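What follows is structure_26.pdb (PDB, C-alpha atoms).
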```pdb
ATOM      1  CA  MET A   1     109.523 146.435 162.419
ATOM      2  CA  ALA A   2     110.052 143.761 165.074
ATOM      3  CA  ALA A   3     110.940 141.053 162.541
ATOM      4  CA  GLU A   4     113.585 143.189 160.813
ATOM      5  CA  PRO A   5     116.604 141.510 162.549
ATOM      6  CA  ASP A   6     115.382 138.051 161.468
ATOM      7  CA  ILE A   7     114.786 139.265 157.916
ATOM      8  CA  ARG A   8     118.230 140.831 157.718
ATOM      9  CA  GLU A   9     119.752 137.596 158.953
ATOM     10  CA  GLU A  10     117.974 135.667 156.204
ATOM     11  CA  LEU A  11     119.259 138.154 153.617
ATOM     12  CA  CYS A  12     122.840 137.631 154.860
ATOM     13  CA  ARG A  13     122.470 133.845 154.583
ATOM     14  CA  LEU A  14     121.074 134.236 151.068
ATOM     15  CA  ARG A  15     124.050 136.337 149.959
ATOM     16  CA  ALA A  16     126.338 133.692 151.423
ATOM     17  CA  ARG A  17     124.626 130.943 149.394
ATOM     18  CA  VAL A  18     124.717 132.996 146.186
ATOM     19  CA  PRO A  19     128.041 134.910 146.139
ATOM     20  CA  GLN A  20     127.179 136.782 142.895
ATOM     21  CA  LEU A  21     124.455 138.782 144.674
ATOM     22  CA  THR A  22     125.249 142.488 145.050
ATOM     23  CA  GLY A  23     122.180 143.487 147.036
ATOM     24  CA  ALA A  24     118.938 142.256 148.619
ATOM     25  CA  LEU A  25     115.885 144.137 149.801
ATOM     26  CA  VAL A  26     112.468 143.352 151.300
ATOM     27  CA  ALA A  27     109.652 145.867 150.825
ATOM     28  CA  SER A  28     105.915 145.994 151.195
ATOM     29  CA  ALA A  29     103.635 145.857 148.170
ATOM     30  CA  ASP A  30     103.113 149.629 148.356
ATOM     31  CA  GLY A  31     106.869 150.435 148.311
ATOM     32  CA  HIS A  32     107.890 150.755 151.994
ATOM     33  CA  VAL A  33     111.283 149.284 152.923
ATOM     34  CA  LEU A  34     111.076 146.551 155.580
ATOM     35  CA  ALA A  35     114.730 145.386 155.548
ATOM     36  CA  GLN A  36     117.612 145.938 153.154
ATOM     37  CA  ASP A  37     121.213 145.027 152.367
ATOM     38  CA  THR A  38     121.957 147.067 149.254
ATOM     39  CA  PRO A  39     125.329 148.827 149.473
ATOM     40  CA  GLY A  40     125.708 151.620 146.918
ATOM     41  CA  VAL A  41     121.987 151.662 145.955
ATOM     42  CA  ALA A  42     119.177 153.791 147.418
ATOM     43  CA  PRO A  43     116.818 151.265 148.991
ATOM     44  CA  GLU A  44     113.784 153.601 148.940
ATOM     45  CA  THR A  45     114.135 154.084 145.183
ATOM     46  CA  VAL A  46     114.465 150.347 144.562
ATOM     47  CA  ALA A  47     111.425 149.624 146.736
ATOM     48  CA  ALA A  48     109.254 152.217 144.982
ATOM     49  CA  LEU A  49     110.269 151.062 141.503
ATOM     50  CA  THR A  50     109.720 147.424 142.433
ATOM     51  CA  ALA A  51     106.175 148.173 143.622
ATOM     52  CA  THR A  52     105.433 149.984 140.366
ATOM     53  CA  ALA A  53     106.898 147.173 138.275
ATOM     54  CA  LEU A  54     104.899 144.533 140.157
ATOM     55  CA  GLY A  55     101.682 146.417 139.464
ATOM     56  CA  VAL A  56     102.398 146.421 135.735
ATOM     57  CA  VAL A  57     103.527 142.790 135.765
ATOM     58  CA  ALA A  58     100.409 141.649 137.640
ATOM     59  CA  ARG A  59      98.144 143.393 135.119
ATOM     60  CA  LEU A  60     100.156 141.967 132.212
ATOM     61  CA  SER A  61      99.964 138.435 133.641
ATOM     62  CA  ASP A  62      96.240 138.741 134.217
ATOM     63  CA  ALA A  63      95.543 140.211 130.766
ATOM     64  CA  THR A  64      97.432 137.380 129.047
ATOM     65  CA  GLY A  65      95.830 134.659 131.180
ATOM     66  CA  GLN A  66      99.072 133.593 132.874
ATOM     67  CA  GLY A  67      97.654 133.649 136.378
ATOM     68  CA  GLU A  68      99.009 135.038 139.628
ATOM     69  CA  PHE A  69     102.410 136.740 139.867
ATOM     70  CA  ARG A  70     105.256 134.373 140.752
ATOM     71  CA  GLU A  71     108.519 136.116 139.918
ATOM     72  CA  LEU A  72     110.025 138.899 137.866
ATOM     73  CA  LEU A  73     113.426 138.834 136.160
ATOM     74  CA  VAL A  74     115.017 141.806 134.424
ATOM     75  CA  ARG A  75     118.366 141.416 132.642
ATOM     76  CA  GLY A  76     120.612 144.407 131.973
ATOM     77  CA  VAL A  77     124.061 144.806 130.512
ATOM     78  CA  TYR A  78     125.754 144.487 133.894
ATOM     79  CA  GLY A  79     123.508 142.038 135.692
ATOM     80  CA  TYR A  80     120.029 140.963 136.837
ATOM     81  CA  VAL A  81     117.186 142.303 138.946
ATOM     82  CA  ALA A  82     114.859 139.597 140.277
ATOM     83  CA  ALA A  83     111.732 139.929 142.415
ATOM     84  CA  TYR A  84     109.870 137.166 144.315
ATOM     85  CA  PRO A  85     106.708 137.302 146.463
ATOM     86  CA  ALA A  86     107.327 137.169 150.221
ATOM     87  CA  GLY A  87     104.073 136.350 151.945
ATOM     88  CA  ARG A  88     100.745 138.087 151.378
ATOM     89  CA  GLY A  89     101.982 141.680 151.287
ATOM     90  CA  ALA A  90     105.742 141.834 150.728
ATOM     91  CA  VAL A  91     108.282 141.258 147.950
ATOM     92  CA  LEU A  92     111.942 140.211 147.894
ATOM     93  CA  THR A  93     114.164 142.035 145.382
ATOM     94  CA  LEU A  94     117.631 140.700 144.495
ATOM     95  CA  LEU A  95     120.474 142.344 142.539
ATOM     96  CA  ALA A  96     122.965 139.968 140.917
ATOM     97  CA  GLN A  97     126.011 140.107 138.649
ATOM     98  CA  ASP A  98     125.804 139.113 134.995
ATOM     99  CA  ARG A  99     127.759 135.880 135.631
ATOM    100  CA  VAL A 100     125.285 134.515 138.193
ATOM    101  CA  ASN A 101     123.670 131.144 137.630
ATOM    102  CA  VAL A 102     120.051 132.095 136.895
ATOM    103  CA  GLY A 103     118.699 128.684 137.950
ATOM    104  CA  ARG A 104     120.464 128.919 141.302
ATOM    105  CA  LEU A 105     119.247 132.511 141.672
ATOM    106  CA  HIS A 106     115.626 131.430 141.205
ATOM    107  CA  LEU A 107     115.977 128.457 143.549
ATOM    108  CA  GLU A 108     117.474 130.389 146.441
ATOM    109  CA  GLY A 109     115.304 133.454 145.834
ATOM    110  CA  ARG A 110     112.097 131.396 146.063
ATOM    111  CA  ARG A 111     113.209 129.680 149.274
ATOM    112  CA  SER A 112     114.139 132.919 150.961
ATOM    113  CA  GLY A 113     110.882 134.504 149.814
ATOM    114  CA  VAL A 114     108.925 131.769 151.590
ATOM    115  CA  ARG A 115     110.898 132.154 154.844
ATOM    116  CA  ILE A 116     110.691 135.929 154.846
ATOM    117  CA  GLY A 117     106.984 135.775 153.991
ATOM    118  CA  GLU A 118     106.341 133.655 157.091
ATOM    119  CA  LEU A 119     108.065 136.246 159.283
ATOM    120  CA  VAL A 120     106.184 139.167 157.750
ATOM    121  CA  ASP A 121     102.801 137.462 157.856
ATOM    122  CA  ALA A 122     103.270 136.362 161.466
ATOM    123  CA  GLU A 123     104.026 139.912 162.577
ATOM    124  CA  THR A 124     101.151 141.342 160.525
ATOM    125  CA  THR A 125      98.719 138.855 162.070
ATOM    126  CA  ALA A 126      99.943 139.560 165.594
ATOM    127  CA  ALA A 127      99.649 143.313 165.070
ATOM    128  CA  GLY A 128      96.112 143.002 163.700
ATOM    129  CA  GLU A 129      94.696 140.976 166.601
ATOM    130  CA  PRO A 130      92.677 143.183 168.994
ATOM    131  CA  ARG A 131      93.628 143.066 172.634
ATOM    132  CA  THR A 132      90.678 142.019 174.742
ATOM    133  CA  ALA A 133      90.440 142.969 178.405
ATOM    134  CA  PRO A 134      89.755 140.162 180.881
ATOM    135  CA  ALA A 135      86.086 139.706 181.500
ATOM    136  CA  LYS A 136      84.851 140.977 184.856
ATOM    137  CA  PRO A 137      82.709 138.647 186.964
ATOM    138  CA  PRO A 138      79.083 139.766 187.105
ATOM    139  CA  ALA A 139      78.072 141.658 190.233
ATOM    140  CA  SER A 140      75.946 139.693 192.652
ATOM    141  CA  ALA A 141      72.381 140.977 192.699
ATOM    142  CA  GLY A 142      71.105 139.042 195.749
ATOM    143  CA  PRO A 143      69.504 135.618 195.809
ATOM    144  CA  ALA A 144      67.944 134.500 192.615
ATOM    145  CA  ALA A 145      64.172 134.458 192.450
ATOM    146  CA  PRO A 146      62.599 130.993 192.573
ATOM    147  CA  PRO A 147      61.486 129.619 189.238
ATOM    148  CA  PRO A 148      57.776 129.895 188.427
ATOM    149  CA  PRO A 149      55.692 126.785 189.140
ATOM    150  CA  ASP A 150      55.258 124.400 186.312
ATOM    151  CA  LYS A 151      51.907 124.520 184.580
ATOM    152  CA  PRO A 152      49.980 121.219 184.467
ATOM    153  CA  PRO A 153      50.196 119.574 181.075
ATOM    154  CA  VAL A 154      47.209 119.878 178.809
ATOM    155  CA  VAL A 155      45.781 116.429 178.086
ATOM    156  CA  PRO A 156      44.263 116.235 174.592
ATOM    157  CA  PRO A 157      40.786 114.685 174.278
ATOM    158  CA  THR A 158      40.549 110.988 173.539
ATOM    159  CA  GLY A 159      40.822 110.183 169.865
ATOM    160  CA  SER A 160      42.579 113.402 168.835
ATOM    161  CA  THR A 161      45.738 113.004 166.831
ATOM    162  CA  GLY A 162      46.918 116.623 166.599
ATOM    163  CA  PRO A 163      48.970 118.477 169.181
ATOM    164  CA  PRO A 164      47.142 119.601 172.308
ATOM    165  CA  GLY A 165      45.576 123.017 171.907
ATOM    166  CA  PRO A 166      45.397 125.774 174.488
ATOM    167  CA  PRO A 167      43.206 125.119 177.551
ATOM    168  CA  ALA A 168      39.555 126.069 177.110
ATOM    169  CA  GLU A 169      38.502 129.271 178.785
ATOM    170  CA  PRO A 170      35.881 128.841 181.555
ATOM    171  CA  ARG A 171      32.384 129.885 180.539
ATOM    172  CA  PRO A 172      30.759 132.649 182.583
ATOM    173  CA  GLU A 173      28.136 131.416 185.039
ATOM    174  CA  SER A 174      24.608 132.218 183.878
ATOM    175  CA  ALA A 175      21.945 133.583 186.249
ATOM    176  CA  PRO A 176      19.535 130.959 187.688
ATOM    177  CA  ARG A 177      16.430 130.578 185.672
ATOM    178  CA  THR A 178      13.090 131.524 187.296
ATOM    179  CA  PRO A 179      10.511 128.793 186.803
ATOM    180  CA  ALA A 180       7.629 129.921 184.599
ATOM    181  CA  LYS A 181       4.363 130.448 186.326
ATOM    182  CA  THR A 182       1.533 128.118 185.371
ATOM    183  CA  PRO A 183      -1.628 130.113 184.558
ATOM    184  CA  ALA A 184      -4.362 129.567 187.106
ATOM    185  CA  LYS A 185      -7.151 127.380 185.818
ATOM    186  CA  THR A 186     -10.748 128.684 186.107
ATOM    187  CA  PRO A 187     -12.878 126.035 187.714
ATOM    188  CA  ALA A 188     -15.237 124.651 185.151
ATOM    189  CA  LYS A 189     -18.914 124.856 185.961
ATOM    190  CA  SER A 190     -20.622 121.598 186.676
ATOM    191  CA  ALA A 191     -22.953 120.092 184.146
ATOM    192  CA  ALA A 192     -25.832 120.315 186.564
ATOM    193  CA  ALA A 193     -25.387 124.043 186.910
ATOM    194  CA  ARG A 194     -25.252 124.476 183.170
ATOM    195  CA  ASN A 195     -28.474 122.361 182.671
ATOM    196  CA  ARG A 196     -30.478 123.885 185.502
ATOM    197  CA  THR A 197     -34.043 124.856 184.367
ATOM    198  CA  PRO A 198     -35.209 128.281 185.510
ATOM    199  CA  ARG A 199     -37.875 128.179 188.157
ATOM    200  CA  ALA A 200     -41.428 129.463 187.432
ATOM    201  CA  PRO A 201     -42.517 132.465 189.431
ATOM    202  CA  ARG A 202     -44.383 131.629 192.592
ATOM    203  CA  THR A 203     -48.095 132.701 192.964
ATOM    204  CA  THR A 204     -49.520 133.692 196.295
ATOM    205  CA  GLY A 205     -52.999 133.140 197.709
ATOM    206  CA  ASN A 206     -53.719 136.779 197.876
ATOM    207  CA  ALA A 207     -53.321 137.319 194.214
ATOM    208  CA  ARG A 208     -56.396 138.332 192.482
ATOM    209  CA  THR A 209     -57.484 137.275 189.070
ATOM    210  CA  THR A 210     -59.865 139.391 187.059
ATOM    211  CA  THR A 211     -62.003 137.961 184.394
ATOM    212  CA  GLU A 212     -63.399 140.087 181.870
ATOM    213  CA  ASN A 213     -67.003 139.282 180.995
TER     214      ASN A 213
END
```

Any chance you could give the structure as structure tokens?
Amino acid sequence: MAAEPDIREELCRLRARVPQLTGALVASADGHVLAQDTPGVAPETVAALTATALGVVARLSDATGQGEFRELLVRGVYGYVAAYPAGRGAVLTLLAQDRVNVGRLHLEGRRSGVRIGELVDAETTAAGEPRTAPAKPPASAGPAAPPPPDKPPVVPPTGSTGPPGPPAEPRPESAPRTPAKTPAKTPAKSAAARNRTPRAPRTTGNARTTTEN
């Protein structure tokens, strides 16, 4: 872990501020050791047991309505074991003698937990950011085509209040109409022709008449 030297330095300063400390350890929430200063104690065992204890404590705090985990203090015959959150995914575990001032232990443990949490979270954020390759300039594809000509605006008819509708489609041209033929009128016969009296048959001089006696 890249931040391990800075975390170890903070643990050394903490032990200098609280001389009754016998060990200090920083581990992830799943029990992996990130940095430790625990002479005479197996750090992997302490980290695994701390992760297990925090799981039980978090469920106990939630079941009793006490809210989010803040700190854990265990007192034994020969001293104390205290645990404090260090950022979003780590925990600080301290081992102290029985004659330690508990108030001072909590004060310094909380401050160190905040500082160590900032280091752990910063490294976690930096490791999670994807590396993006520099964007390549687009290849030139020749001169750009000219933009299409603008269409003339559609003027709505006078008196319309709504938005202009689509332009009307032109009507197909109809074939020219052939003028109707006027029926020919039959010339009416003159009145004189209609009233003409038929002529009597002509008699000739050579005609003979016979009289019966």

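Our summary of the geometry notes that CA of Gly55 in chain A is positioned 13.7 Å from CA of Gly67 in chain A.
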
Checklist entry - Between CA of Ile116 in chain A and CA of Leu54 in chain A, what is the spacing in Å? => result 18.0 Å

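Those residues that approach range 75-88 of chain A to within 7 Å, counting all atoms listed in the file, are Arg70, Glu71, Leu72, Val91, Leu92, Thr93, Leu94, Leu95, Ala96, Gln97, Asp98, Gly109, Arg110, Gly113, Val114, Ile116, Gly117, Glu118, Val120 and Asp121 of chain A; same-chain residues fewer than 3 positions away are not listed.
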
Selected residues, C-alpha atoms, written as an mmCIF file, in the frame of the given file, please.
```
data_model
loop_
_atom_site.group_PDB
_atom_site.id
_atom_site.type_symbol
_atom_site.label_atom_id
_atom_site.label_comp_id
_atom_site.auth_asym_id
_atom_site.auth_seq_id
_atom_site.Cartn_x
_atom_site.Cartn_y
_atom_site.Cartn_z
ATOM 1 C CA ARG A 70 105.256 134.373 140.752
ATOM 2 C CA GLU A 71 108.519 136.116 139.918
ATOM 3 C CA LEU A 72 110.025 138.899 137.866
ATOM 4 C CA VAL A 91 108.282 141.258 147.950
ATOM 5 C CA LEU A 92 111.942 140.211 147.894
ATOM 6 C CA THR A 93 114.164 142.035 145.382
ATOM 7 C CA LEU A 94 117.631 140.700 144.495
ATOM 8 C CA LEU A 95 120.474 142.344 142.539
ATOM 9 C CA ALA A 96 122.965 139.968 140.917
ATOM 10 C CA GLN A 97 126.011 140.107 138.649
ATOM 11 C CA ASP A 98 125.804 139.113 134.995
ATOM 12 C CA GLY A 109 115.304 133.454 145.834
ATOM 13 C CA ARG A 110 112.097 131.396 146.063
ATOM 14 C CA GLY A 113 110.882 134.504 149.814
ATOM 15 C CA VAL A 114 108.925 131.769 151.590
ATOM 16 C CA ILE A 116 110.691 135.929 154.846
ATOM 17 C CA GLY A 117 106.984 135.775 153.991
ATOM 18 C CA GLU A 118 106.341 133.655 157.091
ATOM 19 C CA VAL A 120 106.184 139.167 157.750
ATOM 20 C CA ASP A 121 102.801 137.462 157.856
#
```

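Minimum atom-to-atom distances from A:Ala90, A:Val100, A:Leu107, A:Leu11 to Thr124 in chain A were compared using only C-alpha atoms, and the lowest value belongs to A:Ala90.
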
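Between CA of Ala48 in chain A and CA of Asp30 in chain A there is a distance of 7.5 Å.
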
Next on the checklist: List the spatial neighbours of Gln36 in chain A as a list in words - criterion: any atom at most 10 Å away, all atoms listed in the file, same-chain residues fewer than 3 positions off excluded.
Outcome noted: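 Non-adjacent residues within range: Glu4, Ile7, Arg8, Leu11, Cys12, Gly23, Ala24, Leu25, Val26, Ala27, Val33, Pro39, Ala42, Pro43, Glu44, Ala47, Leu92 and Thr93 of chain A.
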
Item to check | Near-Arg17 in chain A list (10 Å; all atoms listed in the file; drop same-chain fewer than 3 positions) as a PyMOL selection string | outcome: chain A and resi 11-14+20-21+104-105+108

Hey, can you spit out that residue selection with C-alpha atoms as a compact mmCIF listing (two decimals), in the coordinates of the input?
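Final output, saved to part.txt:
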```
# COMPACT_ATOMS: atom_id res chain seq x y z
CA LEU A 11 119.26 138.15 153.62
CA CYS A 12 122.84 137.63 154.86
CA ARG A 13 122.47 133.84 154.58
CA LEU A 14 121.07 134.24 151.07
CA GLN A 20 127.18 136.78 142.90
CA LEU A 21 124.46 138.78 144.67
CA ARG A 104 120.46 128.92 141.30
CA LEU A 105 119.25 132.51 141.67
CA GLU A 108 117.47 130.39 146.44
```
